[in-house]
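Colleague: The following file, target_33.cif, comprises mmCIF, C-alpha atoms:
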```
data_target
#
loop_
_atom_site.group_PDB
_atom_site.id
_atom_site.type_symbol
_atom_site.label_atom_id
_atom_site.label_comp_id
_atom_site.auth_asym_id
_atom_site.auth_seq_id
_atom_site.Cartn_x
_atom_site.Cartn_y
_atom_site.Cartn_z
ATOM 1 C CA MET A 1 78.066 162.056 26.027
ATOM 2 C CA LEU A 2 74.552 160.595 26.027
ATOM 3 C CA LYS A 3 72.769 161.503 22.778
ATOM 4 C CA VAL A 4 68.992 161.534 23.150
ATOM 5 C CA ALA A 5 66.236 161.956 20.529
ATOM 6 C CA MET A 6 62.938 163.235 21.956
ATOM 7 C CA PRO A 7 59.580 163.611 20.175
ATOM 8 C CA LYS A 8 58.375 167.081 19.323
ATOM 9 C CA GLY A 9 54.847 168.020 18.248
ATOM 10 C CA ARG A 10 52.106 167.411 20.790
ATOM 11 C CA LEU A 11 54.498 165.442 23.017
ATOM 12 C CA LEU A 12 57.015 168.292 23.227
ATOM 13 C CA PRO A 13 55.973 169.408 26.752
ATOM 14 C CA ARG A 14 56.461 165.856 28.041
ATOM 15 C CA SER A 15 59.774 165.603 26.198
ATOM 16 C CA GLU A 16 61.067 168.823 27.713
ATOM 17 C CA ALA A 17 60.001 167.722 31.173
ATOM 18 C CA ALA A 18 61.602 164.302 30.654
ATOM 19 C CA VAL A 19 64.926 165.883 29.674
ATOM 20 C CA ALA A 20 64.727 168.079 32.755
ATOM 21 C CA ALA A 21 64.054 164.969 34.875
ATOM 22 C CA LEU A 22 67.168 163.358 33.444
ATOM 23 C CA THR A 23 69.248 166.120 35.024
ATOM 24 C CA ASP A 24 68.073 164.885 38.426
ATOM 25 C CA THR A 25 68.446 161.211 37.521
ATOM 26 C CA ALA A 26 71.991 161.446 36.144
ATOM 27 C CA PRO A 27 73.955 164.314 37.712
ATOM 28 C CA GLY A 28 77.266 164.839 35.959
ATOM 29 C CA VAL A 29 76.416 162.923 32.771
ATOM 30 C CA PRO A 30 76.953 165.018 29.588
ATOM 31 C CA LEU A 31 73.758 165.177 27.543
ATOM 32 C CA HIS A 32 72.956 166.174 23.967
ATOM 33 C CA ALA A 33 69.169 166.137 23.364
ATOM 34 C CA ARG A 34 67.400 166.802 20.080
ATOM 35 C CA TYR A 35 63.675 167.301 19.501
ATOM 36 C CA LEU A 36 62.641 165.433 16.348
ATOM 37 C CA ARG A 37 59.699 163.850 14.530
ATOM 38 C CA MET A 38 58.779 160.500 16.050
ATOM 39 C CA PRO A 39 58.894 158.622 12.703
ATOM 40 C CA ASP A 40 62.583 159.540 12.320
ATOM 41 C CA ILE A 41 63.714 158.432 15.772
ATOM 42 C CA PRO A 42 63.835 154.588 15.482
ATOM 43 C CA ASP A 43 66.251 154.577 12.523
ATOM 44 C CA LEU A 44 68.500 157.194 14.134
ATOM 45 C CA VAL A 45 68.762 155.024 17.254
ATOM 46 C CA ALA A 46 69.292 151.827 15.232
ATOM 47 C CA GLU A 47 72.120 153.471 13.276
ATOM 48 C CA GLY A 48 73.791 154.678 16.479
ATOM 49 C CA LEU A 49 73.508 158.335 15.481
ATOM 50 C CA VAL A 50 71.758 158.821 18.817
ATOM 51 C CA ASP A 51 72.009 156.522 21.834
ATOM 52 C CA VAL A 52 68.502 156.820 23.229
ATOM 53 C CA GLY A 53 65.099 157.801 21.907
ATOM 54 C CA ILE A 54 61.420 157.990 22.728
ATOM 55 C CA THR A 55 58.919 157.067 20.032
ATOM 56 C CA GLY A 56 55.572 155.451 19.393
ATOM 57 C CA GLU A 57 55.323 151.716 18.916
ATOM 58 C CA GLU A 58 53.603 152.279 15.566
ATOM 59 C CA TRP A 59 56.836 153.826 14.282
ATOM 60 C CA LEU A 60 58.893 150.979 15.696
ATOM 61 C CA VAL A 61 56.728 148.531 13.768
ATOM 62 C CA GLU A 62 56.717 150.678 10.627
ATOM 63 C CA SER A 63 60.493 151.157 10.581
ATOM 64 C CA ALA A 64 61.388 147.609 11.704
ATOM 65 C CA ALA A 65 64.406 149.291 13.287
ATOM 66 C CA ASP A 66 66.860 147.089 15.191
ATOM 67 C CA VAL A 67 66.686 148.762 18.605
ATOM 68 C CA VAL A 68 66.357 147.697 22.232
ATOM 69 C CA ARG A 69 63.041 148.458 23.919
ATOM 70 C CA VAL A 70 63.839 149.699 27.423
ATOM 71 C CA ALA A 71 60.362 150.369 28.851
ATOM 72 C CA PRO A 72 56.853 151.457 27.849
ATOM 73 C CA LEU A 73 56.083 154.983 29.059
ATOM 74 C CA CYS A 74 52.286 155.141 28.619
ATOM 75 C CA TRP A 75 52.432 158.702 27.278
ATOM 76 C CA TYR A 76 49.560 157.693 25.041
ATOM 77 C CA HIS A 77 47.734 154.572 23.985
ATOM 78 C CA VAL A 78 46.429 154.323 20.431
ATOM 79 C CA ARG A 79 45.126 151.669 18.065
ATOM 80 C CA ILE A 80 46.305 151.157 14.508
ATOM 81 C CA CYS A 81 43.059 150.378 12.713
ATOM 82 C CA ALA A 82 41.683 149.626 9.280
ATOM 83 C CA LEU A 83 38.936 152.170 8.625
ATOM 84 C CA CYS A 84 36.327 152.251 5.912
ATOM 85 C CA GLY A 85 33.264 154.272 5.008
ATOM 86 C CA PRO A 86 29.762 153.455 6.298
ATOM 87 C CA GLY A 87 29.068 151.429 3.144
ATOM 88 C CA GLY A 88 31.803 148.936 3.981
ATOM 89 C CA ILE A 89 34.623 147.703 1.762
ATOM 90 C CA PRO A 90 33.586 147.453 -1.907
ATOM 91 C CA ARG A 91 33.589 144.087 -3.668
ATOM 92 C CA GLY A 92 34.304 143.216 -7.251
ATOM 93 C CA ARG A 93 37.306 145.490 -7.775
ATOM 94 C CA LYS A 94 40.710 146.187 -6.291
ATOM 95 C CA VAL A 95 40.619 147.604 -2.770
ATOM 96 C CA ARG A 96 42.284 151.000 -2.604
ATOM 97 C CA VAL A 97 44.344 151.257 0.612
ATOM 98 C CA VAL A 98 45.742 154.534 1.891
ATOM 99 C CA SER A 99 48.039 155.137 4.874
ATOM 100 C CA GLU A 100 51.092 156.988 6.093
ATOM 101 C CA TYR A 101 52.367 153.609 7.350
ATOM 102 C CA GLN A 102 53.727 152.074 4.148
ATOM 103 C CA ARG A 103 55.102 148.870 5.668
ATOM 104 C CA ILE A 104 52.189 148.255 8.044
ATOM 105 C CA ALA A 105 49.553 148.938 5.383
ATOM 106 C CA GLY A 106 51.377 146.867 2.770
ATOM 107 C CA THR A 107 51.657 143.846 5.051
ATOM 108 C CA PHE A 108 47.996 144.113 6.062
ATOM 109 C CA ALA A 109 46.729 144.535 2.488
ATOM 110 C CA ALA A 110 48.833 141.665 1.180
ATOM 111 C CA ALA A 111 47.484 139.344 3.870
ATOM 112 C CA ARG A 112 43.850 140.345 3.265
ATOM 113 C CA TRP A 113 43.606 140.875 -0.477
ATOM 114 C CA GLY A 114 46.906 139.874 -2.039
ATOM 115 C CA ASP A 115 47.184 141.343 -5.515
ATOM 116 C CA ALA A 116 43.574 142.558 -5.371
ATOM 117 C CA SER A 117 44.550 145.834 -3.722
ATOM 118 C CA THR A 118 46.446 149.022 -4.442
ATOM 119 C CA GLN A 119 48.322 151.174 -1.955
ATOM 120 C CA ARG A 120 48.886 154.899 -1.677
ATOM 121 C CA THR A 121 51.262 156.351 0.931
ATOM 122 C CA VAL A 122 50.341 159.851 2.076
ATOM 123 C CA ARG A 123 51.053 162.193 4.968
ATOM 124 C CA GLY A 124 48.602 163.673 7.404
ATOM 125 C CA SER A 125 45.057 162.694 8.269
ATOM 126 C CA VAL A 126 44.382 159.846 5.871
ATOM 127 C CA GLU A 127 40.760 159.402 6.964
ATOM 128 C CA HIS A 128 39.904 162.356 4.724
ATOM 129 C CA TYR A 129 40.571 160.102 1.718
ATOM 130 C CA LEU A 130 37.523 157.980 2.618
ATOM 131 C CA PRO A 131 35.248 156.995 1.045
ATOM 132 C CA ASP A 132 35.719 158.435 -2.455
ATOM 133 C CA LEU A 133 39.510 158.565 -2.854
ATOM 134 C CA ALA A 134 40.222 155.288 -1.054
ATOM 135 C CA ASP A 135 38.329 152.287 0.296
ATOM 136 C CA VAL A 136 40.408 151.482 3.391
ATOM 137 C CA ALA A 137 42.612 153.714 5.529
ATOM 138 C CA ILE A 138 45.200 152.297 7.924
ATOM 139 C CA GLU A 139 45.190 154.970 10.569
ATOM 140 C CA CYS A 140 46.106 155.759 14.160
ATOM 141 C CA VAL A 141 42.989 155.988 16.358
ATOM 142 C CA GLU A 142 43.128 157.417 19.871
ATOM 143 C CA THR A 143 39.655 158.454 21.060
ATOM 144 C CA GLY A 144 37.847 157.628 17.806
ATOM 145 C CA GLU A 145 35.967 160.938 17.927
ATOM 146 C CA SER A 146 37.217 162.160 14.547
ATOM 147 C CA MET A 147 36.453 158.802 12.972
ATOM 148 C CA ARG A 148 32.896 158.732 14.280
ATOM 149 C CA ARG A 149 32.301 162.346 13.304
ATOM 150 C CA ARG A 150 33.050 161.439 9.700
ATOM 151 C CA GLY A 151 30.839 158.355 9.820
ATOM 152 C CA LEU A 152 33.769 155.966 9.439
ATOM 153 C CA VAL A 153 33.963 152.442 10.828
ATOM 154 C CA ALA A 154 36.948 150.599 12.307
ATOM 155 C CA VAL A 155 36.668 147.162 10.704
ATOM 156 C CA GLU A 156 39.811 145.760 12.311
ATOM 157 C CA THR A 157 42.436 146.680 14.913
ATOM 158 C CA LEU A 158 45.875 145.701 13.682
ATOM 159 C CA PHE A 159 47.606 146.345 17.018
ATOM 160 C CA GLU A 160 47.671 148.658 20.023
ATOM 161 C CA ALA A 161 50.575 151.052 20.455
ATOM 162 C CA ASP A 162 52.300 152.602 23.454
ATOM 163 C CA VAL A 163 55.158 155.106 23.656
ATOM 164 C CA TRP A 164 58.526 153.445 24.273
ATOM 165 C CA LEU A 165 61.918 154.417 25.612
ATOM 166 C CA ILE A 166 64.416 152.739 23.291
ATOM 167 C CA CYS A 167 68.175 152.599 22.950
ATOM 168 C CA SER A 168 70.773 151.349 20.502
ATOM 169 C CA ARG A 169 72.298 147.891 20.818
ATOM 170 C CA GLU A 170 75.633 149.468 21.739
ATOM 171 C CA ALA A 171 74.102 151.604 24.473
ATOM 172 C CA ALA A 172 72.356 148.559 25.928
ATOM 173 C CA LYS A 173 75.694 146.768 26.287
ATOM 174 C CA ASP A 174 76.928 149.392 28.761
ATOM 175 C CA ALA A 175 75.750 148.402 32.242
ATOM 176 C CA GLY A 176 75.884 151.964 33.548
ATOM 177 C CA THR A 177 73.810 153.320 30.685
ATOM 178 C CA ALA A 178 71.289 150.492 30.951
ATOM 179 C CA ALA A 179 70.855 151.143 34.676
ATOM 180 C CA LEU A 180 70.483 154.885 34.092
ATOM 181 C CA LEU A 181 67.792 154.334 31.459
ATOM 182 C CA GLY A 182 65.914 152.021 33.792
ATOM 183 C CA ARG A 183 65.876 154.678 36.520
ATOM 184 C CA TRP A 184 64.865 157.374 34.046
ATOM 185 C CA ALA A 185 62.014 155.267 32.702
ATOM 186 C CA GLN A 186 60.602 154.841 36.208
ATOM 187 C CA VAL A 187 60.585 158.617 36.680
ATOM 188 C CA ILE A 188 58.994 159.585 33.368
ATOM 189 C CA ALA A 189 56.516 156.727 32.885
ATOM 190 C CA ASN A 190 52.860 157.650 33.179
ATOM 191 C CA LYS A 191 51.804 154.841 35.508
ATOM 192 C CA ASP A 192 48.306 155.806 36.633
ATOM 193 C CA GLY A 193 46.866 157.936 33.852
ATOM 194 C CA THR A 194 47.965 161.219 35.416
ATOM 195 C CA ASP A 195 50.792 163.378 34.144
ATOM 196 C CA PRO A 196 53.924 162.328 36.102
ATOM 197 C CA LEU A 197 55.919 165.291 34.822
ATOM 198 C CA PRO A 198 54.528 168.743 35.581
ATOM 199 C CA HIS A 199 55.479 170.937 32.647
ATOM 200 C CA LYS A 200 58.647 172.931 33.181
ATOM 201 C CA PRO A 201 59.747 175.898 31.075
ATOM 202 C CA ALA A 202 61.079 174.908 27.684
ATOM 203 C CA LEU A 203 64.831 174.439 27.562
ATOM 204 C CA VAL A 204 64.919 175.207 23.828
ATOM 205 C CA SER A 205 62.410 175.799 21.068
ATOM 206 C CA ALA A 206 60.879 172.860 19.212
ATOM 207 C CA LYS A 207 63.336 173.455 16.384
ATOM 208 C CA GLY A 208 66.350 173.873 18.586
ATOM 209 C CA VAL A 209 69.015 171.584 19.940
ATOM 210 C CA LEU A 210 69.990 171.372 23.571
ATOM 211 C CA HIS A 211 73.677 171.278 24.420
ATOM 212 C CA THR A 212 74.206 171.021 28.157
ATOM 213 C CA THR A 213 75.967 169.159 30.909
ATOM 214 C CA LEU A 214 73.811 167.485 33.519
ATOM 215 C CA GLU A 215 74.690 168.730 36.974
ATOM 216 C CA GLY A 216 73.046 168.286 40.332
ATOM 217 C CA ARG A 217 70.600 170.982 41.334
#
```
Take the structure in the file and give it back as structure tokens.

Modeller:
Amino acid sequence: MLKVAMPKGRLLPRSEAAVAALTDTAPGVPLHARYLRMPDIPDLVAEGLVDVGITGEEWLVESAADVVRVAPLCWYHVRICALCGPGGIPRGRKVRVVSEYQRIAGTFAAARWGDASTQRTVRGSVEHYLPDLADVAIECVETGESMRRRGLVAVETLFEADVWLICSREAAKDAGTAALLGRWAQVIANKDGTDPLPHKPALVSAKGVLHTTLEGR
């Protein structure tokens, strides 16, 4: 049984298509796929509760999960940035940092300001805390349109993030599984900026769990 954790939300259509592609890549392999929040996937894979997962690199960094990175999939490319209001970062008082990435924001703030900063961990669109409720937001930026619309400025890019196919250390030890994941990654990777996986009908709802056996079509 290959246990797979796939991202839901805006990536759900790609996830559903990727699971469908796995039926062609691995005929006869039993599969149990779940559709979950990306932030939860790295730890589940690291703990061996699932064998394989797909998640954003920002959540790999945030979780510091001990997993094996199989291949980047290029399902999106984003930047993790430090944002501030048009007036810049205030001086003369503690810098108020807000982010949904507790570890990433904490490491960044400690390196820049040491004890001269405070940190608030929130959920959702943290840019709305600027500039009155916070001074700096550590946020995921894709096109930058929302940031510019609010008059915010990206003062630093911490790192760029891709979407990764990952697996547990135990799964990586199995030569057959490792080879299968390599083949699957080649099929589902977005190599040229176009969608490599035309959307297929959903196998289950976003809240559901797929229990099936992979068979040749």

Colleague: Just how far from CA of Glu100 (chain A) is CA of Glu62 (chain A), in Å to one decimal?

Modeller: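 Computing the Euclidean distance for CA of Glu62 (chain A) and CA of Glu100 (chain A) yields 9.6 Å.
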
Colleague: Please write the residues picked by the PyMOL selection byres ((chain A and resi 119-124) around 6) on this file as a ChimeraX atom specification.

Modeller: /A:97-100,102,118,125-126

Colleague: Please indicate the distance in Å from CA of Glu160 (chain A) to CA of His77 (chain A), rounded to one decimal place.

Modeller: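 So the two atoms, CA of Glu160 (chain A) and CA of His77 (chain A), lie 7.1 Å apart.
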
Colleague: Separation of CA of Ser146 (chain A) and CA of Glu127 (chain A), in Å?

Modeller: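 Atom-to-atom, CA of Ser146 (chain A) to CA of Glu127 (chain A), that is 8.8 Å.
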
Colleague: Take the PyMOL selection byres ((chain A and resi 69) around 12), apply it to the structure above, and return the hits as an NGL selection string.

Modeller: :A and (42 or 45-46 or 52-57 or 60-61 or 65-68 or 70-73 or 162-169 or 171-172 or 178 or 181-182 or 185)
